[in-house]
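Everything below belongs to my_file29.csv, which stores CSV, C-alpha atoms.
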```csv
chain,number,residue,atom,x,y,z
A,1,MET,CA,34.5,28.4,-24.2
A,2,SER,CA,32.3,25.4,-23.2
A,3,ALA,CA,29.6,25.8,-20.6
A,4,GLU,CA,30.2,24.7,-17.1
A,5,PRO,CA,28.6,21.3,-16.5
A,6,ASP,CA,25.7,21.1,-14.2
A,7,ARG,CA,27.1,19.5,-11.0
A,8,ARG,CA,23.9,19.5,-9.0
A,9,GLY,CA,23.0,16.1,-7.6
A,10,PHE,CA,19.7,14.6,-6.5
A,11,GLU,CA,18.1,16.4,-3.6
A,12,PRO,CA,15.4,14.3,-2.0
A,13,PRO,CA,12.1,16.1,-1.8
A,14,PRO,CA,10.4,16.5,1.6
A,15,TYR,CA,8.7,13.3,2.8
A,16,PRO,CA,5.0,13.9,1.8
A,17,TYR,CA,3.6,13.6,5.3
A,18,GLU,CA,6.0,16.1,6.7
A,19,ARG,CA,3.8,18.8,5.1
A,20,LEU,CA,1.3,18.1,7.8
A,21,ASP,CA,3.6,18.9,10.7
A,22,SER,CA,2.3,22.5,11.0
A,23,PHE,CA,-1.1,21.1,11.9
A,24,LYS,CA,0.1,18.8,14.7
A,25,PRO,CA,0.4,21.5,17.4
A,26,LEU,CA,-3.2,22.6,16.7
A,27,ALA,CA,-4.5,19.1,17.4
A,28,ALA,CA,-2.1,18.4,20.3
A,29,SER,CA,-3.6,21.2,22.4
A,30,PHE,CA,-6.7,19.1,23.1
A,31,GLU,CA,-6.9,17.0,26.3
A,32,GLY,CA,-5.9,13.5,25.2
A,33,GLY,CA,-3.7,15.0,22.4
A,34,LEU,CA,-3.5,14.5,18.7
A,35,ILE,CA,-5.6,11.7,17.1
A,36,ASP,CA,-3.7,10.9,14.0
A,37,LEU,CA,-5.9,9.7,11.1
A,38,SER,CA,-3.3,10.8,8.4
A,39,ILE,CA,-1.1,7.6,8.2
A,40,GLY,CA,-2.3,4.0,7.8
A,41,THR,CA,-0.5,2.7,10.9
A,42,PRO,CA,-2.5,0.0,12.6
A,43,CYS,CA,-3.3,0.4,16.3
A,44,ASP,CA,-4.8,-3.0,17.2
A,45,PRO,CA,-2.7,-5.8,18.6
A,46,PRO,CA,-1.5,-8.8,16.6
A,47,PRO,CA,-2.5,-12.3,17.8
A,48,ALA,CA,-0.6,-13.5,20.9
A,49,SER,CA,0.6,-16.5,18.9
A,50,VAL,CA,2.5,-14.2,16.5
A,51,VAL,CA,4.3,-12.5,19.4
A,52,ALA,CA,5.1,-15.9,20.9
A,53,ALA,CA,6.5,-17.2,17.6
A,54,LEU,CA,8.6,-14.0,17.3
A,55,ALA,CA,10.1,-14.6,20.7
A,56,ALA,CA,10.7,-18.3,20.5
A,57,SER,CA,12.0,-19.0,16.9
A,58,ASN,CA,15.6,-19.5,17.9
A,59,SER,CA,16.5,-18.1,14.4
A,60,GLU,CA,18.2,-14.9,15.3
A,61,ARG,CA,21.8,-16.1,15.0
A,62,GLY,CA,21.8,-17.2,11.4
A,63,TYR,CA,21.3,-15.5,8.1
A,64,PRO,CA,17.9,-16.2,6.6
A,65,PRO,CA,17.4,-16.9,2.9
A,66,SER,CA,16.8,-13.7,1.0
A,67,VAL,CA,13.8,-15.2,-0.7
A,68,GLY,CA,12.4,-16.3,2.6
A,69,ASN,CA,12.6,-19.7,4.2
A,70,GLU,CA,10.6,-22.7,3.1
A,71,PRO,CA,8.0,-22.4,5.9
A,72,LEU,CA,7.3,-18.8,5.1
A,73,ARG,CA,6.9,-19.4,1.4
A,74,ARG,CA,4.6,-22.4,2.0
A,75,ALA,CA,2.5,-20.3,4.4
A,76,PHE,CA,2.1,-17.5,1.8
A,77,SER,CA,1.2,-20.1,-0.8
A,78,SER,CA,-1.4,-21.7,1.5
A,79,TRP,CA,-2.9,-18.4,2.4
A,80,MET,CA,-3.3,-17.4,-1.3
A,81,ARG,CA,-5.0,-20.7,-1.9
A,82,ARG,CA,-7.5,-20.1,0.9
A,83,ARG,CA,-8.0,-16.5,0.2
A,84,PHE,CA,-8.1,-16.3,-3.6
A,85,ALA,CA,-8.4,-20.0,-4.7
A,86,VAL,CA,-5.2,-19.8,-6.6
A,87,ASP,CA,-2.4,-22.4,-6.7
A,88,VAL,CA,1.0,-20.7,-6.5
A,89,ALA,CA,3.9,-22.9,-5.8
A,90,PRO,CA,6.2,-21.9,-2.9
A,91,SER,CA,9.0,-21.6,-5.5
A,92,ALA,CA,7.0,-18.8,-7.1
A,93,VAL,CA,6.8,-16.8,-3.9
A,94,ALA,CA,9.6,-14.7,-2.4
A,95,ALA,CA,9.9,-12.5,0.7
A,96,CYS,CA,10.5,-8.8,0.9
A,97,ILE,CA,11.2,-6.5,3.9
A,98,GLY,CA,7.8,-5.1,3.9
A,99,THR,CA,6.4,-4.1,0.6
A,100,LYS,CA,7.5,-0.4,0.6
A,101,GLU,CA,11.1,-1.3,0.0
A,102,PHE,CA,10.0,-3.6,-2.8
A,103,VAL,CA,8.0,-0.8,-4.4
A,104,GLY,CA,10.8,1.7,-4.0
A,105,THR,CA,13.6,-0.5,-5.4
A,106,LEU,CA,11.8,-2.5,-8.1
A,107,PRO,CA,12.4,0.0,-11.0
A,108,GLN,CA,16.2,-0.2,-10.7
A,109,TRP,CA,16.1,-4.0,-10.8
A,110,MET,CA,13.8,-4.0,-13.8
A,111,LYS,CA,15.9,-1.3,-15.5
A,112,LEU,CA,18.9,-3.6,-15.2
A,113,ARG,CA,16.9,-6.4,-16.8
A,114,SER,CA,15.7,-4.2,-19.7
A,115,PRO,CA,18.0,-1.3,-20.1
A,116,TRP,CA,16.4,-0.1,-23.3
A,117,LEU,CA,13.2,0.7,-21.5
A,118,ASP,CA,12.8,3.7,-19.1
A,119,THR,CA,9.2,4.2,-18.0
A,120,VAL,CA,7.2,3.2,-14.9
A,121,LEU,CA,3.4,3.5,-15.3
A,122,TYR,CA,1.4,4.0,-12.1
A,123,PRO,CA,-2.0,5.3,-11.0
A,124,ALA,CA,-2.3,9.1,-11.0
A,125,ILE,CA,-3.8,9.0,-7.5
A,126,ALA,CA,-1.6,6.7,-5.5
A,127,TYR,CA,0.8,5.9,-2.8
A,128,PRO,CA,3.8,8.2,-3.5
A,129,THR,CA,6.4,5.5,-3.5
A,130,TYR,CA,5.4,4.3,-7.0
A,131,GLU,CA,6.6,7.6,-8.4
A,132,MET,CA,9.6,7.9,-6.1
A,133,GLY,CA,10.8,4.4,-7.0
A,134,ALA,CA,10.9,5.4,-10.6
A,135,THR,CA,12.7,8.7,-9.8
A,136,LEU,CA,15.3,7.0,-7.7
A,137,ALA,CA,16.1,4.6,-10.6
A,138,GLY,CA,16.5,7.5,-13.0
A,139,CYS,CA,13.3,6.4,-14.9
A,140,ARG,CA,10.3,8.3,-16.3
A,141,ALA,CA,7.4,8.2,-13.9
A,142,VAL,CA,4.2,8.4,-15.9
A,143,ALA,CA,1.0,8.8,-14.0
A,144,VAL,CA,-2.0,7.0,-15.6
A,145,PRO,CA,-5.3,8.9,-15.2
A,146,MET,CA,-8.1,7.5,-13.1
A,147,ASN,CA,-11.5,6.3,-14.3
A,148,GLU,CA,-14.8,7.5,-13.0
A,149,ARG,CA,-14.8,4.8,-10.3
A,150,GLY,CA,-11.4,5.8,-8.9
A,151,GLY,CA,-9.4,3.0,-10.5
A,152,ILE,CA,-6.7,3.1,-13.1
A,153,ASP,CA,-7.8,3.9,-16.7
A,154,LEU,CA,-5.8,1.5,-18.9
A,155,ASP,CA,-7.3,3.0,-22.0
A,156,ALA,CA,-5.6,6.3,-21.2
A,157,ILE,CA,-2.1,4.8,-21.6
A,158,SER,CA,-0.5,6.0,-24.9
A,159,GLU,CA,1.1,3.5,-27.3
A,160,SER,CA,4.4,5.5,-27.0
A,161,ASP,CA,4.4,5.1,-23.2
A,162,ALA,CA,3.4,1.5,-23.4
A,163,ALA,CA,6.3,0.9,-25.8
A,164,ARG,CA,8.8,2.4,-23.3
A,165,ALA,CA,7.3,0.8,-20.1
A,166,LEU,CA,9.4,-1.3,-17.8
A,167,LEU,CA,6.4,-2.1,-15.7
A,168,LEU,CA,2.8,-1.1,-14.8
A,169,TRP,CA,1.7,-0.7,-11.2
A,170,VAL,CA,-1.9,-1.3,-10.2
A,171,ASN,CA,-3.2,-1.0,-6.6
A,172,SER,CA,-6.5,-2.7,-5.6
A,173,PRO,CA,-8.1,-1.9,-3.3
A,174,SER,CA,-6.6,1.5,-4.0
A,175,ASN,CA,-4.7,3.7,-1.5
A,176,PRO,CA,-6.2,6.3,-1.2
A,177,THR,CA,-9.4,6.0,-3.2
A,178,GLY,CA,-10.6,2.5,-2.0
A,179,ALA,CA,-11.5,1.6,-5.6
A,180,LEU,CA,-11.3,-1.9,-6.9
A,181,ASP,CA,-9.5,-2.3,-10.2
A,182,ASP,CA,-10.4,-4.7,-13.0
A,183,LEU,CA,-7.3,-6.9,-12.4
A,184,GLY,CA,-8.2,-9.2,-15.2
A,185,ALA,CA,-8.1,-6.2,-17.6
A,186,ALA,CA,-4.8,-5.1,-16.2
A,187,ALA,CA,-3.2,-8.6,-16.7
A,188,ALA,CA,-4.6,-8.7,-20.2
A,189,TRP,CA,-3.3,-5.2,-21.0
A,190,GLY,CA,0.2,-6.2,-19.8
A,191,ARG,CA,0.3,-9.4,-21.8
A,192,ALA,CA,-0.9,-7.6,-25.0
A,193,HIS,CA,1.8,-5.0,-24.6
A,194,GLY,CA,4.6,-7.1,-23.2
A,195,VAL,CA,4.7,-5.1,-20.0
A,196,PRO,CA,5.1,-6.8,-16.6
A,197,VAL,CA,2.2,-5.9,-14.3
A,198,PHE,CA,2.8,-5.6,-10.6
A,199,SER,CA,-0.3,-5.6,-8.5
A,200,ASP,CA,-0.1,-4.1,-5.0
A,201,GLU,CA,-2.7,-6.0,-3.0
A,202,CYS,CA,-1.8,-5.1,0.6
A,203,TYR,CA,-5.4,-4.2,1.4
A,204,ALA,CA,-6.9,-7.3,-0.3
A,205,GLU,CA,-8.3,-8.6,3.1
A,206,PHE,CA,-10.4,-5.5,3.5
A,207,THR,CA,-12.8,-5.4,0.6
A,208,TRP,CA,-16.4,-4.4,1.3
A,209,SER,CA,-18.3,-4.5,-2.0
A,210,SER,CA,-17.0,-7.9,-3.3
A,211,PRO,CA,-14.8,-10.8,-2.2
A,212,SER,CA,-11.0,-10.4,-1.9
A,213,GLN,CA,-9.4,-10.4,-5.3
A,214,SER,CA,-5.9,-11.0,-6.7
A,215,ILE,CA,-4.4,-10.5,-10.2
A,216,LEU,CA,-3.2,-14.2,-9.9
A,217,GLN,CA,-6.8,-15.3,-10.3
A,218,HIS,CA,-6.2,-14.3,-14.0
A,219,GLY,CA,-3.0,-16.4,-14.4
A,220,SER,CA,0.6,-15.7,-13.4
A,221,ASP,CA,2.2,-15.1,-16.8
A,222,GLY,CA,3.7,-11.6,-16.8
A,223,VAL,CA,2.2,-10.6,-13.5
A,224,ILE,CA,3.3,-10.3,-9.9
A,225,ALA,CA,1.0,-9.9,-6.8
A,226,VAL,CA,2.6,-8.1,-3.9
A,227,HIS,CA,1.3,-8.7,-0.4
A,228,SER,CA,2.0,-7.5,3.2
A,229,LEU,CA,1.3,-8.5,6.7
A,230,SER,CA,1.4,-4.8,7.9
A,231,LYS,CA,-2.3,-4.2,7.3
A,232,ARG,CA,-3.7,-7.8,7.4
A,233,SER,CA,-2.2,-8.7,10.8
A,234,ASN,CA,-1.3,-5.3,12.4
A,235,LEU,CA,2.4,-6.0,11.9
A,236,ALA,CA,3.7,-2.9,10.2
A,237,GLY,CA,6.8,-2.9,12.5
A,238,LEU,CA,7.7,-6.5,11.6
A,239,ARG,CA,8.4,-5.6,7.9
A,240,VAL,CA,7.3,-8.8,6.2
A,241,GLY,CA,5.8,-9.0,2.7
A,242,ALA,CA,6.0,-11.2,-0.3
A,243,TYR,CA,5.8,-11.1,-4.1
A,244,ALA,CA,4.4,-14.0,-6.1
A,245,GLY,CA,3.5,-15.0,-9.6
A,246,ASP,CA,5.5,-15.2,-12.8
A,247,THR,CA,8.2,-17.7,-12.1
A,248,ALA,CA,10.8,-16.1,-14.3
A,249,LEU,CA,10.3,-12.6,-12.7
A,250,VAL,CA,10.2,-14.0,-9.1
A,251,HIS,CA,13.5,-15.9,-9.8
A,252,TYR,CA,15.1,-12.9,-11.4
A,253,LEU,CA,14.2,-10.5,-8.6
A,254,GLY,CA,15.2,-13.0,-6.0
A,255,GLU,CA,18.6,-13.5,-7.5
A,256,VAL,CA,19.2,-9.7,-7.8
A,257,ARG,CA,18.0,-8.9,-4.3
A,258,LYS,CA,20.2,-11.5,-2.6
A,259,HIS,CA,23.2,-9.6,-3.8
A,260,VAL,CA,22.2,-6.6,-1.7
A,261,GLY,CA,21.4,-8.6,1.4
A,262,MET,CA,17.7,-8.0,1.4
A,263,MET,CA,16.6,-10.5,4.1
A,264,VAL,CA,13.6,-10.6,6.3
A,265,PRO,CA,15.0,-11.5,9.8
A,266,GLY,CA,14.4,-15.1,10.9
A,267,PRO,CA,12.3,-14.3,13.9
A,268,ALA,CA,10.1,-12.0,11.8
A,269,GLN,CA,9.6,-14.9,9.3
A,270,ALA,CA,8.6,-17.3,12.1
A,271,ALA,CA,6.0,-14.7,13.4
A,272,ALA,CA,4.7,-14.2,9.8
A,273,VAL,CA,4.1,-18.0,9.5
A,274,ALA,CA,2.0,-17.9,12.6
A,275,ALA,CA,0.0,-14.8,11.3
A,276,LEU,CA,-0.6,-16.3,7.9
A,277,ASP,CA,-1.9,-19.6,9.4
A,278,ASP,CA,-4.5,-17.7,11.4
A,279,ASP,CA,-7.5,-16.4,9.5
A,280,GLN,CA,-9.7,-15.7,12.5
A,281,HIS,CA,-7.9,-12.6,13.7
A,282,VAL,CA,-8.4,-11.1,10.2
A,283,VAL,CA,-12.1,-11.7,10.4
A,284,GLU,CA,-12.1,-9.7,13.7
A,285,GLN,CA,-10.0,-7.0,12.2
A,286,ARG,CA,-12.4,-6.7,9.2
A,287,GLN,CA,-15.3,-6.1,11.6
A,288,ARG,CA,-13.3,-3.4,13.5
A,289,TYR,CA,-12.5,-1.5,10.3
A,290,ALA,CA,-16.0,-1.9,8.9
A,291,HIS,CA,-17.5,-0.3,12.1
A,292,ARG,CA,-14.9,2.5,12.1
A,293,LEU,CA,-15.5,3.4,8.5
A,294,ARG,CA,-19.2,3.7,9.1
A,295,ARG,CA,-18.8,5.6,12.3
A,296,MET,CA,-16.2,8.0,11.1
A,297,ALA,CA,-18.1,8.7,7.9
A,298,ASP,CA,-21.2,9.6,10.0
A,299,ILE,CA,-19.2,11.9,12.3
A,300,LEU,CA,-17.6,13.8,9.4
A,301,ARG,CA,-21.0,14.1,7.5
A,302,SER,CA,-22.7,15.5,10.7
A,303,TRP,CA,-19.9,17.9,11.4
A,304,SER,CA,-19.1,19.2,7.9
A,305,GLY,CA,-22.2,18.5,5.8
A,306,VAL,CA,-19.9,16.8,3.2
A,307,ASP,CA,-20.9,13.5,1.6
A,308,VAL,CA,-18.5,10.9,2.8
A,309,PRO,CA,-19.0,7.5,1.0
A,310,ILE,CA,-17.9,4.1,2.3
A,311,PRO,CA,-15.1,2.8,0.0
A,312,ASP,CA,-15.2,-0.5,-1.9
A,313,GLY,CA,-12.1,-1.6,-0.2
A,314,GLY,CA,-9.3,-0.5,2.2
A,315,PHE,CA,-9.7,1.4,5.5
A,316,TYR,CA,-9.6,4.9,4.2
A,317,LEU,CA,-12.4,7.4,3.6
A,318,TRP,CA,-11.8,9.4,0.5
A,319,PHE,CA,-14.1,12.2,-0.4
A,320,PRO,CA,-14.2,15.6,-2.2
A,321,VAL,CA,-14.1,19.0,-0.4
A,322,ASP,CA,-13.9,22.6,-1.6
A,323,ASP,CA,-10.4,23.1,-0.1
A,324,ALA,CA,-8.6,20.0,1.3
A,325,TRP,CA,-5.9,21.9,3.2
A,326,GLU,CA,-8.5,24.2,4.8
A,327,PHE,CA,-10.6,21.2,5.7
A,328,THR,CA,-7.5,19.5,7.3
A,329,GLU,CA,-6.7,22.6,9.3
A,330,ARG,CA,-10.2,23.1,10.5
A,331,LEU,CA,-10.5,19.5,11.6
A,332,ALA,CA,-7.2,19.8,13.5
A,333,ARG,CA,-8.4,23.0,15.2
A,334,GLU,CA,-11.9,21.9,16.1
A,335,GLY,CA,-11.5,18.1,16.5
A,336,GLY,CA,-7.9,17.6,17.4
A,337,ALA,CA,-7.6,15.1,14.5
A,338,LEU,CA,-5.1,15.0,11.7
A,339,VAL,CA,-6.1,13.8,8.2
A,340,SER,CA,-4.4,13.9,4.7
A,341,PRO,CA,-5.2,16.3,1.9
A,342,GLY,CA,-5.5,14.4,-1.3
A,343,ASP,CA,-2.7,16.1,-3.2
A,344,LEU,CA,-0.2,14.1,-1.1
A,345,TYR,CA,-1.2,11.3,-3.4
A,346,GLY,CA,-0.7,13.1,-6.7
A,347,ALA,CA,-1.9,16.3,-8.3
A,348,ALA,CA,-5.1,14.5,-9.4
A,349,GLY,CA,-6.0,14.0,-5.8
A,350,SER,CA,-6.4,17.8,-5.2
A,351,GLY,CA,-9.8,18.6,-3.7
A,352,PHE,CA,-10.0,15.3,-1.8
A,353,VAL,CA,-9.3,14.3,1.7
A,354,ARG,CA,-8.1,10.9,3.0
A,355,VAL,CA,-9.0,9.7,6.5
A,356,ALA,CA,-7.4,6.5,7.9
A,357,VAL,CA,-9.7,4.8,10.4
A,358,VAL,CA,-6.8,3.2,12.2
A,359,GLN,CA,-7.4,4.6,15.6
A,360,THR,CA,-9.3,2.8,18.4
A,361,ASP,CA,-13.1,3.1,18.7
A,362,GLU,CA,-12.4,5.2,21.9
A,363,SER,CA,-10.3,7.7,19.9
A,364,ILE,CA,-12.8,8.0,17.2
A,365,GLU,CA,-15.5,8.7,19.8
A,366,ARG,CA,-13.2,11.4,21.3
A,367,VAL,CA,-13.2,13.1,17.9
A,368,ALA,CA,-17.0,13.0,17.8
A,369,SER,CA,-17.2,14.5,21.3
A,370,ARG,CA,-14.8,17.3,20.4
A,371,LEU,CA,-16.8,18.1,17.3
A,372,GLY,CA,-20.1,18.0,19.2
A,373,VAL,CA,-21.4,15.0,17.2
A,374,SER,CA,-23.5,12.4,19.0
```

Can the structure from this file be put into structure tokens for me?
Amino acid sequence: MSAEPDRRGFEPPPYPYERLDSFKPLAASFEGGLIDLSIGTPCDPPPASVVAALAASNSERGYPPSVGNEPLRRAFSSWMRRRFAVDVAPSAVAACIGTKEFVGTLPQWMKLRSPWLDTVLYPAIAYPTYEMGATLAGCRAVAVPMNERGGIDLDAISESDAARALLLWVNSPSNPTGALDDLGAAAAWGRAHGVPVFSDECYAEFTWSSPSQSILQHGSDGVIAVHSLSKRSNLAGLRVGAYAGDTALVHYLGEVRKHVGMMVPGPAQAAAVAALDDDQHVVEQRQRYAHRLRRMADILRSWSGVDVPIPDGGFYLWFPVDDAWEFTERLAREGGALVSPGDLYGAAGSGFVRVAVVQTDESIERVASRLGVS
């Protein structure tokens, strides 16, 4: 008699940040309530010109192009020229509905393109969606170890995994470590192994130890840079991002994505153009985050005695502690603030804590007051 087939389907795991829910009542008991430093949701306002463009685009009745309209693609191209000194034609730029959906759906589109390959390579300490995107596509998710600087260790990728790889993700500045990867080395590795490299650069405006960097500074052959307005312009709710680089890959992905109706709404595209054309508000936002990183690091050092370094990039503090979950609970109880234990970003992140300095200066000072830090 044959064995009964396994009829169990996919059961989505709990969303990583839901594991923090038990700490929220501890923090909410403080006057002024919970100060959430666990998720990178911006709190500062976008420019008034962006809000005005959103309201007055007169584009809400029509279907926008899936790859983005011409003004949006030109605006992304011009911004990349100003920021990174790279020339990317608007035809090599396409829009996405924020970058999370792009990250989460990319492996299934790449699997259709190369069905004999089955592996997604991604940093071992990373944004969880790189792994989940592979899982949702029925692919192998292979975590690449980190080097001593907190970036991805390309030398640790085995030849067998490279031979099966659909793509390699790199993320610089890294969420959560803040490390800056050698993007030139990543591009060269991909070309040497015939593996497309996707570079998540959504924190590129916030680098502290060097100028902003893009993988496209090392050529576009076989590589795609992924960018977002969520962090740059405090527009996480607008859901506008873009991918740019290798013309064949951009064209392929644009053609596939149009069949599933992935379209950034027209008003959001108009607002994005206004945001991309304005660099001054980003200068001001950089100053805010630089101050908050320094101040929050000082507060946590004074309270806990733990060494809290300033990252090379991004707006997260990432530092080792004896027990990350105990540290998180203690900070919620004593300071009314919620942070993220590092294992939310992969097993290799155990023993670390991530603190997102996305709350106002007033809220950060409230944490200091609760903890008795001057």

Discussion item. Give me, as a PyMOL selection string, all polymer residues having an atom no more than 6 Å from Leu121 of chain A, counting all atoms listed in the file and skipping those fewer than 3 positions away in the same chain.
Written reply: chain A and resi 142-143+168

Discussion item. Between A:Tyr289, A:Trp303, A:Tyr127, A:Phe76, which residue has the minimum interatomic distance to Val103 of chain A, considering all atoms listed in the file?
Written reply: A:Tyr127

Discussion item. Here's a test: counting all atoms listed in the file, identify every protein, DNA and RNA residue with an atom at most 10 Å from (-2.0, -9.7, -1.2) in the file's coordinate frame, and state them as a PyMOL selection string.
Written reply: chain A and resi 76+79-80+83-84+172+199-205+212-216+225-229+232+241-244

Discussion item. One number please: atom CA of Val260 of chain A to atom CA of Tyr15 of chain A, in Å, one decimal.
Written reply: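 Separating atom CA of Val260 of chain A from atom CA of Tyr15 of chain A is a distance of 24.5 Å.
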
Discussion item. Between A:Tyr130, A:Gln269, A:Leu238, A:Ala56, which residue has the minimum interatomic distance to Asn175 of chain A, considering all atoms listed in the file?
Written reply: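 So, comparing all the options, the nearest one is A:Tyr130.
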
Item to complete: May I have the residues within 9 Å of Gly349 of chain A as a PyMOL selection string, using all atoms listed in the file and disregarding those fewer than 6 positions away in the same chain?
Response: chain A and resi 124-126+176+341-343

Practice prompt. For Pro45 of chain A, list every protein, DNA or RNA residue within 9 Å, evaluated using only C-alpha atoms, and leave out those in the same chain fewer than 5 positions away; present the list as a ChimeraX atom specification.
Written response: /A:233-235

Fill in: Pro267 of chain A surroundings by only C-alpha atoms, 12 Å radius, close-in-sequence under 3 positions cut, as a PyMOL selection string
chain A and resi 50-64+68-69+72+238-240+263-264+270-274

Output file for the residues above (C-alpha atoms, as a tab-separated table (two decimals), in the frame of the given file):
```tsv
chain	number	residue	atom	x	y	z
A	50	VAL	CA	2.50	-14.20	16.50
A	51	VAL	CA	4.30	-12.50	19.40
A	52	ALA	CA	5.10	-15.90	20.90
A	53	ALA	CA	6.50	-17.20	17.60
A	54	LEU	CA	8.60	-14.00	17.30
A	55	ALA	CA	10.10	-14.60	20.70
A	56	ALA	CA	10.70	-18.30	20.50
A	57	SER	CA	12.00	-19.00	16.90
A	58	ASN	CA	15.60	-19.50	17.90
A	59	SER	CA	16.50	-18.10	14.40
A	60	GLU	CA	18.20	-14.90	15.30
A	61	ARG	CA	21.80	-16.10	15.00
A	62	GLY	CA	21.80	-17.20	11.40
A	63	TYR	CA	21.30	-15.50	8.10
A	64	PRO	CA	17.90	-16.20	6.60
A	68	GLY	CA	12.40	-16.30	2.60
A	69	ASN	CA	12.60	-19.70	4.20
A	72	LEU	CA	7.30	-18.80	5.10
A	238	LEU	CA	7.70	-6.50	11.60
A	239	ARG	CA	8.40	-5.60	7.90
A	240	VAL	CA	7.30	-8.80	6.20
A	263	MET	CA	16.60	-10.50	4.10
A	264	VAL	CA	13.60	-10.60	6.30
A	270	ALA	CA	8.60	-17.30	12.10
A	271	ALA	CA	6.00	-14.70	13.40
A	272	ALA	CA	4.70	-14.20	9.80
A	273	VAL	CA	4.10	-18.00	9.50
A	274	ALA	CA	2.00	-17.90	12.60
```

Practice prompt. Find the residues near Gly190 of chain A: any atom within 9 Å, counting all atoms listed in the file, skip ones fewer than 6 places away on the same chain, and give them as a PyMOL selection string.
Written response: chain A and resi 167-168+196-197+222-223

Worksheet item: Of the candidates A:Gly261, A:Trp325, A:Arg149, A:Arg288, which shows the shortest atom-to-atom distance to Pro311 of chain A, using all atoms listed in the file?
Response: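 Closest to Pro311 of chain A, using all atoms listed in the file: A:Arg149.
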
Worksheet item: So which one's closest to Gly254 of chain A, A:Val120, A:Val282, A:Val93, A:Val358? Using only C-alpha atoms, please.
Response: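 Nearest to Gly254 of chain A: A:Val93.
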
N, CA and C atoms are needed for segment 198-214 of chain A; please write them out as a compact mmCIF listing (two decimals), in the frame of the given file.
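Final output, rebuild-v8.txt:
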```txt
# COMPACT_ATOMS: atom_id res chain seq x y z
N PHE A 198 2.63 -5.31 -12.00
CA PHE A 198 2.80 -5.60 -10.60
C PHE A 198 1.58 -5.03 -9.84
N SER A 199 0.93 -5.93 -9.12
CA SER A 199 -0.30 -5.60 -8.50
C SER A 199 -0.14 -5.54 -6.97
N ASP A 200 -0.24 -4.32 -6.43
CA ASP A 200 -0.10 -4.10 -5.00
C ASP A 200 -1.43 -4.39 -4.33
N GLU A 201 -1.46 -5.48 -3.57
CA GLU A 201 -2.70 -6.00 -3.00
C GLU A 201 -2.69 -6.02 -1.49
N CYS A 202 -2.00 -5.06 -0.87
CA CYS A 202 -1.80 -5.10 0.60
C CYS A 202 -3.07 -4.90 1.36
N TYR A 203 -4.14 -4.37 0.71
CA TYR A 203 -5.40 -4.20 1.40
C TYR A 203 -6.45 -5.22 0.97
N ALA A 204 -6.00 -6.29 0.34
CA ALA A 204 -6.90 -7.30 -0.30
C ALA A 204 -7.84 -7.93 0.77
N GLU A 205 -7.41 -8.03 2.03
CA GLU A 205 -8.30 -8.60 3.10
C GLU A 205 -9.44 -7.73 3.43
N PHE A 206 -9.36 -6.45 3.04
CA PHE A 206 -10.40 -5.50 3.50
C PHE A 206 -11.12 -4.95 2.23
N THR A 207 -11.95 -5.80 1.65
CA THR A 207 -12.80 -5.40 0.60
C THR A 207 -14.26 -5.47 1.07
N TRP A 208 -15.07 -4.48 0.70
CA TRP A 208 -16.40 -4.40 1.30
C TRP A 208 -17.51 -4.59 0.25
N SER A 209 -17.24 -4.37 -1.03
CA SER A 209 -18.30 -4.50 -2.00
C SER A 209 -18.19 -5.80 -2.83
N SER A 210 -17.15 -6.60 -2.56
CA SER A 210 -17.00 -7.90 -3.30
C SER A 210 -15.99 -8.72 -2.48
N PRO A 211 -15.85 -10.01 -2.82
CA PRO A 211 -14.80 -10.80 -2.20
C PRO A 211 -13.42 -10.33 -2.49
N SER A 212 -12.45 -10.77 -1.69
CA SER A 212 -11.00 -10.40 -1.90
C SER A 212 -10.62 -10.88 -3.32
N GLN A 213 -9.78 -10.08 -3.97
CA GLN A 213 -9.40 -10.40 -5.30
C GLN A 213 -7.84 -10.29 -5.45
N SER A 214 -7.29 -11.06 -6.38
CA SER A 214 -5.90 -11.00 -6.70
C SER A 214 -5.72 -11.09 -8.23
```
